[in-house]
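As provided, upload-v5.cif (mmCIF, C-alpha atoms) reads as follows.
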```
data_target
loop_
_atom_site.label_atom_id
_atom_site.label_comp_id
_atom_site.auth_asym_id
_atom_site.auth_seq_id
_atom_site.Cartn_x
_atom_site.Cartn_y
_atom_site.Cartn_z
CA MET P 1 23.06 1.49 19.66
CA SER P 2 25.00 -1.57 20.78
CA SER P 3 22.27 -2.55 23.28
CA LEU P 4 19.59 -3.19 20.65
CA ASP P 5 17.56 -6.36 21.08
CA PRO P 6 18.74 -8.60 18.22
CA ARG P 7 15.30 -10.23 17.87
CA TRP P 8 13.54 -6.90 17.31
CA LEU P 9 16.35 -5.75 15.03
CA GLU P 10 15.92 -8.88 12.90
CA ARG P 11 12.15 -8.36 12.94
CA LEU P 12 12.61 -4.76 11.71
CA GLN P 13 14.80 -5.92 8.85
CA VAL P 14 12.51 -8.81 7.83
CA VAL P 15 9.46 -6.54 7.85
CA GLY P 16 11.32 -4.00 5.70
CA LYS P 17 12.10 -6.69 3.11
CA ALA P 18 8.50 -7.92 3.12
CA GLN P 19 7.16 -4.39 2.71
CA ALA P 20 9.37 -3.80 -0.33
CA ARG P 21 8.04 -6.96 -2.00
CA TYR P 22 4.39 -6.16 -1.27
CA LEU P 23 4.73 -2.61 -2.57
CA TRP P 24 5.92 -4.00 -5.91
CA VAL P 25 3.19 -6.65 -5.93
CA LEU P 26 0.54 -3.97 -5.32
CA LEU P 27 1.96 -1.77 -8.08
CA VAL P 28 1.98 -4.62 -10.61
CA THR P 29 -1.52 -5.69 -9.54
CA MET P 30 -2.89 -2.16 -9.91
CA ILE P 31 -1.33 -1.84 -13.38
CA PHE P 32 -2.71 -5.25 -14.38
CA TYR P 33 -6.24 -4.37 -13.28
CA ALA P 34 -6.08 -0.94 -14.93
CA ALA P 35 -5.09 -2.61 -18.20
CA LEU P 36 -7.78 -5.25 -17.79
CA GLN P 37 -10.40 -2.56 -17.22
CA GLN P 38 -9.34 -0.89 -20.46
CA ARG P 39 -9.67 -4.19 -22.29
CA ALA P 40 -13.06 -4.89 -20.74
CA ARG P 41 -14.42 -1.43 -21.45
CA ALA P 42 -16.60 -2.71 -24.30
CA GLY P 43 -18.39 -5.17 -22.04
CA PHE P 44 -17.60 -7.39 -19.12
CA GLY P 45 -19.06 -10.57 -20.58
CA GLU P 46 -17.03 -10.46 -23.81
CA THR P 47 -13.54 -10.38 -22.34
CA SER P 48 -11.43 -13.49 -21.99
CA LEU P 49 -7.81 -13.85 -21.00
CA LYS P 50 -5.41 -16.45 -22.27
CA VAL P 51 -2.96 -17.80 -19.69
CA PRO P 52 0.41 -18.41 -21.36
CA ILE P 53 2.23 -21.74 -21.08
CA VAL P 54 -0.86 -23.73 -20.00
CA ASP P 55 -2.96 -22.39 -22.90
CA LEU P 56 -5.99 -21.79 -20.69
CA GLU P 57 -8.71 -19.23 -21.36
CA VAL P 58 -10.12 -17.48 -18.30
CA SER P 59 -13.11 -15.17 -18.07
CA GLY P 60 -11.96 -11.57 -17.81
CA THR P 61 -15.08 -10.83 -15.76
CA VAL P 62 -14.07 -13.34 -13.10
CA VAL P 63 -10.51 -12.03 -12.97
CA LEU P 64 -11.73 -8.44 -12.85
CA GLY P 65 -14.32 -9.39 -10.23
CA PHE P 66 -11.57 -10.48 -7.85
CA GLY P 67 -9.77 -7.14 -8.35
CA PRO P 68 -11.37 -5.17 -5.50
CA ALA P 69 -10.72 -7.98 -3.00
CA LEU P 70 -7.15 -8.59 -4.18
CA ILE P 71 -6.14 -4.92 -4.29
CA SER P 72 -7.76 -4.27 -0.90
CA PHE P 73 -6.01 -7.30 0.58
CA LEU P 74 -2.63 -6.06 -0.66
CA VAL P 75 -3.33 -2.59 0.78
CA LEU P 76 -4.12 -4.25 4.13
CA VAL P 77 -0.90 -6.27 3.93
CA ILE P 78 1.19 -3.14 3.32
CA LEU P 79 -0.59 -1.30 6.15
CA GLY P 80 0.19 -4.32 8.34
CA THR P 81 3.88 -4.12 7.43
CA MET P 82 3.83 -0.43 8.31
CA ARG P 83 2.33 -1.20 11.73
CA ALA P 84 4.76 -4.08 12.31
CA TYR P 85 7.69 -1.87 11.31
CA THR P 86 6.53 0.86 13.69
CA ARG P 87 6.17 -1.69 16.50
CA ALA P 88 9.69 -3.01 15.91
CA ARG P 89 11.06 0.56 15.95
CA GLU P 90 9.26 1.22 19.22
CA GLN P 91 10.71 -1.95 20.75
CA LEU P 92 14.16 -0.76 19.67
CA GLY P 93 13.53 2.59 21.39
CA LEU P 94 13.09 4.58 18.18
CA GLY P 95 10.13 6.93 17.84
CA ARG P 96 8.17 7.66 14.66
CA ALA P 97 9.95 10.93 14.01
CA ASP P 98 13.33 9.69 15.22
CA TRP P 99 15.91 9.97 12.46
CA SER P 100 18.37 7.83 14.38
CA GLY P 101 17.91 4.25 13.31
CA GLU P 102 17.97 4.88 9.57
CA GLU P 103 21.01 2.63 9.41
CA LEU P 104 18.92 -0.24 10.78
CA ASP P 105 16.76 -0.41 7.66
CA THR P 106 18.88 -2.77 5.59
CA SER P 107 16.17 -3.20 2.93
CA PRO P 108 14.93 0.24 1.93
CA ASN P 109 12.39 0.02 -0.86
CA ALA P 110 12.03 2.08 -4.04
CA MET P 111 9.68 4.58 -2.38
CA ASP P 112 12.15 5.09 0.47
CA PHE P 113 14.78 6.12 -2.05
CA ALA P 114 12.52 8.01 -4.44
CA PHE P 115 11.20 10.22 -1.63
CA TYR P 116 14.24 10.26 0.64
CA THR P 117 14.64 13.28 2.91
CA THR P 118 17.06 14.39 5.59
CA ARG P 119 16.91 17.13 8.19
CA ALA P 120 18.51 19.40 5.59
CA THR P 121 15.67 18.91 3.09
CA PRO P 122 13.64 22.12 2.76
CA LYS P 123 10.45 22.04 4.83
CA VAL P 124 8.11 22.37 1.87
CA VAL P 125 9.77 19.47 0.03
CA ALA P 126 9.86 17.29 3.17
CA THR P 127 6.18 17.99 3.79
CA VAL P 128 5.19 16.96 0.26
CA LEU P 129 7.42 13.87 0.46
CA HIS P 130 5.68 12.85 3.70
CA PHE P 131 2.68 11.61 1.64
CA PRO P 132 3.83 9.13 -1.09
CA TYR P 133 2.97 5.95 0.84
CA THR P 134 -0.39 7.47 1.72
CA ALA P 135 -1.07 8.51 -1.87
CA PHE P 136 -0.05 5.09 -3.22
CA LEU P 137 -2.30 3.20 -0.81
CA LEU P 138 -5.12 5.66 -1.42
CA ALA P 139 -4.76 5.03 -5.17
CA GLY P 140 -5.14 1.31 -4.49
CA VAL P 141 -8.31 1.81 -2.45
CA VAL P 142 -9.75 4.13 -5.12
CA GLU P 143 -8.96 1.67 -7.92
CA ALA P 144 -10.61 -1.18 -5.98
CA ALA P 145 -13.74 0.94 -5.50
CA TRP P 146 -13.73 1.94 -9.17
CA ILE P 147 -13.56 -1.71 -10.30
CA ALA P 148 -16.45 -2.61 -7.96
CA LYS P 149 -18.51 0.30 -9.30
CA ARG P 150 -17.88 -0.79 -12.89
CA LEU P 151 -18.90 -4.35 -12.03
CA VAL P 152 -22.19 -3.11 -10.60
CA ASP P 153 -22.82 -0.64 -13.43
CA ALA P 154 -22.15 -3.27 -16.10
CA CYS P 155 -24.45 -5.81 -14.46
CA ALA P 156 -21.59 -8.29 -14.64
CA PRO P 157 -22.46 -11.92 -13.89
CA ALA P 158 -22.09 -12.81 -10.19
CA ARG P 159 -21.24 -9.17 -9.52
CA TRP P 160 -22.78 -9.15 -6.05
CA MET P 161 -20.61 -12.04 -4.93
CA PHE P 162 -17.53 -10.14 -6.06
CA VAL P 163 -18.73 -6.83 -4.61
CA VAL P 164 -19.50 -8.37 -1.20
CA ALA P 165 -16.15 -10.19 -1.10
CA GLY P 166 -14.36 -7.02 -2.15
CA ALA P 167 -16.27 -4.87 0.37
CA ALA P 168 -15.28 -7.21 3.21
CA LEU P 169 -11.65 -6.29 2.56
CA TRP P 170 -12.16 -2.81 1.09
CA LEU P 171 -13.96 -1.35 4.12
CA PRO P 172 -11.14 -2.03 6.62
CA ALA P 173 -8.54 -1.01 4.01
CA ALA P 174 -10.36 2.27 3.32
CA TRP P 175 -10.76 2.92 7.06
CA LEU P 176 -7.06 2.33 7.77
CA VAL P 177 -5.94 4.39 4.77
CA GLY P 178 -8.25 7.19 5.93
CA ARG P 179 -6.63 7.05 9.38
CA LEU P 180 -3.19 7.12 7.75
CA VAL P 181 -4.16 10.20 5.71
CA TYR P 182 -5.45 11.87 8.88
CA ARG P 183 -2.23 11.09 10.81
CA ARG P 184 -0.02 12.30 7.97
CA VAL P 185 -1.95 15.56 7.68
CA ARG P 186 -1.84 15.94 11.47
CA ASP P 187 1.97 15.47 11.36
CA VAL P 188 2.53 18.42 9.01
CA PRO P 189 2.85 21.09 11.77
CA THR P 190 5.32 18.81 13.59
CA LEU P 191 7.39 18.51 10.42
CA TRP P 192 7.60 22.30 10.21
CA ARG P 193 8.68 22.61 13.86
CA THR P 194 11.29 19.84 13.92
CA ARG P 195 13.19 20.77 10.78
#
```

Rewrite the structure of this file - the entire thing - as structure tokens.
Amino acid sequence: MSSLDPRWLERLQVVGKAQARYLWVLLVTMIFYAALQQRARAGFGETSLKVPIVDLEVSGTVVLGFGPALISFLVLVILGTMRAYTRAREQLGLGRADWSGEELDTSPNAMDFAFYTTRATPKVVATVLHFPYTAFLLAGVVEAAWIAKRLVDACAPARWMFVVAGAALWLPAAWLVGRLVYRRVRDVPTLWRTR
């Protein structure tokens, strides 16, 4: 591995760090919007949020309205880091299923460690652990759609503006997550053969 292109190696490591940050940002954002939905359950127009330090009150409806667009954007960002990481691996001569190169990831994220497998991991476990990224991103897309549905159902003010803005980001995010689900499911027989 001494002949690795240092530019692509640096790119791989930078993308890994960025992905770790965006995964946490998406998780915190999803938790925030889930909590905000619980608070707004009684009615979208009645909820206000107080911003600490600056002592500013913000409409919960407006904040919630931006939820589908923000969550979908973060899903797209993470999918972009996944594509960029794959591209860097390819440029370094490492395939998708190539276990060599693990040592090049100097910034593994929490999901990498939580669902870590090796060639010695039993096939059933490795197959199940092939899906956490997919499930996490799918949860983000589903939450964004759920928020948009609640906005429409509640006849929230300016709901169509929020729904259209959210849909502009949600549709490509949902499409790419759907493709990721398809590829992961398609990889299952390969996982069983290569282990």

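Atom pair atom CA of Arg83 of chain P / atom CA of Tyr33 of chain P: separated by 26.6 Å.
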
Legend entry - Given the PyMOL selection byres ((chain P and resi 130-144) around 7), the residues it picks as a list in words: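 Taken over the shown coordinates, the PyMOL selection byres ((chain P and resi 130-144) around 7) returns Met30, Gly67, Pro68, Ile71, Ser72, Val75, Ala126, Thr127, Val128, Leu129, Ala145, Trp146, Ile147, Ala148, Trp170, Ala174, Val177, Leu180, Val181 and Arg184 of chain P.
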
Inset, instruction - In Å, rounded to a single decimal, give me how far atom CA of Gln19 of chain P is from atom CA of Met111 of chain P. - result: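 Here the two named atoms are 10.6 Å from each other.
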
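With distances taken over all atoms listed in the file, P:Gly60 is the one residue among P:Gly93, P:Gly60, P:Gly16, P:Gly65 lying closest to Arg39 of chain P.
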
Inset, instruction - May I ask for the distance between atom CA of Val163 of chain P and atom CA of Gly178 of chain P, given in Å to one decimal place? - result: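 Computed distance, atom CA of Val163 of chain P to atom CA of Gly178 of chain P, equals 20.4 Å.
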
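Minimum atom-to-atom distance to Thr61 of chain P, evaluated using only C-alpha atoms, belongs to P:Arg150 out of P:Arg150, P:Arg186, P:Arg193, P:Arg179.
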
Inset, instruction - May I ask which of the residues P:Phe73, P:Trp192, P:Phe113, P:Trp175 is the closest one to Val25 of chain P, counting all atoms listed in the file? - result: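 Result for the nearest residue to Val25 of chain P: P:Phe73.
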
Legend entry - Residue with smallest distance to Arg87 of chain P - pool P:Leu171, P:Ala165, P:Val15, P:Ala158, counting only C-alpha atoms: P:Val15
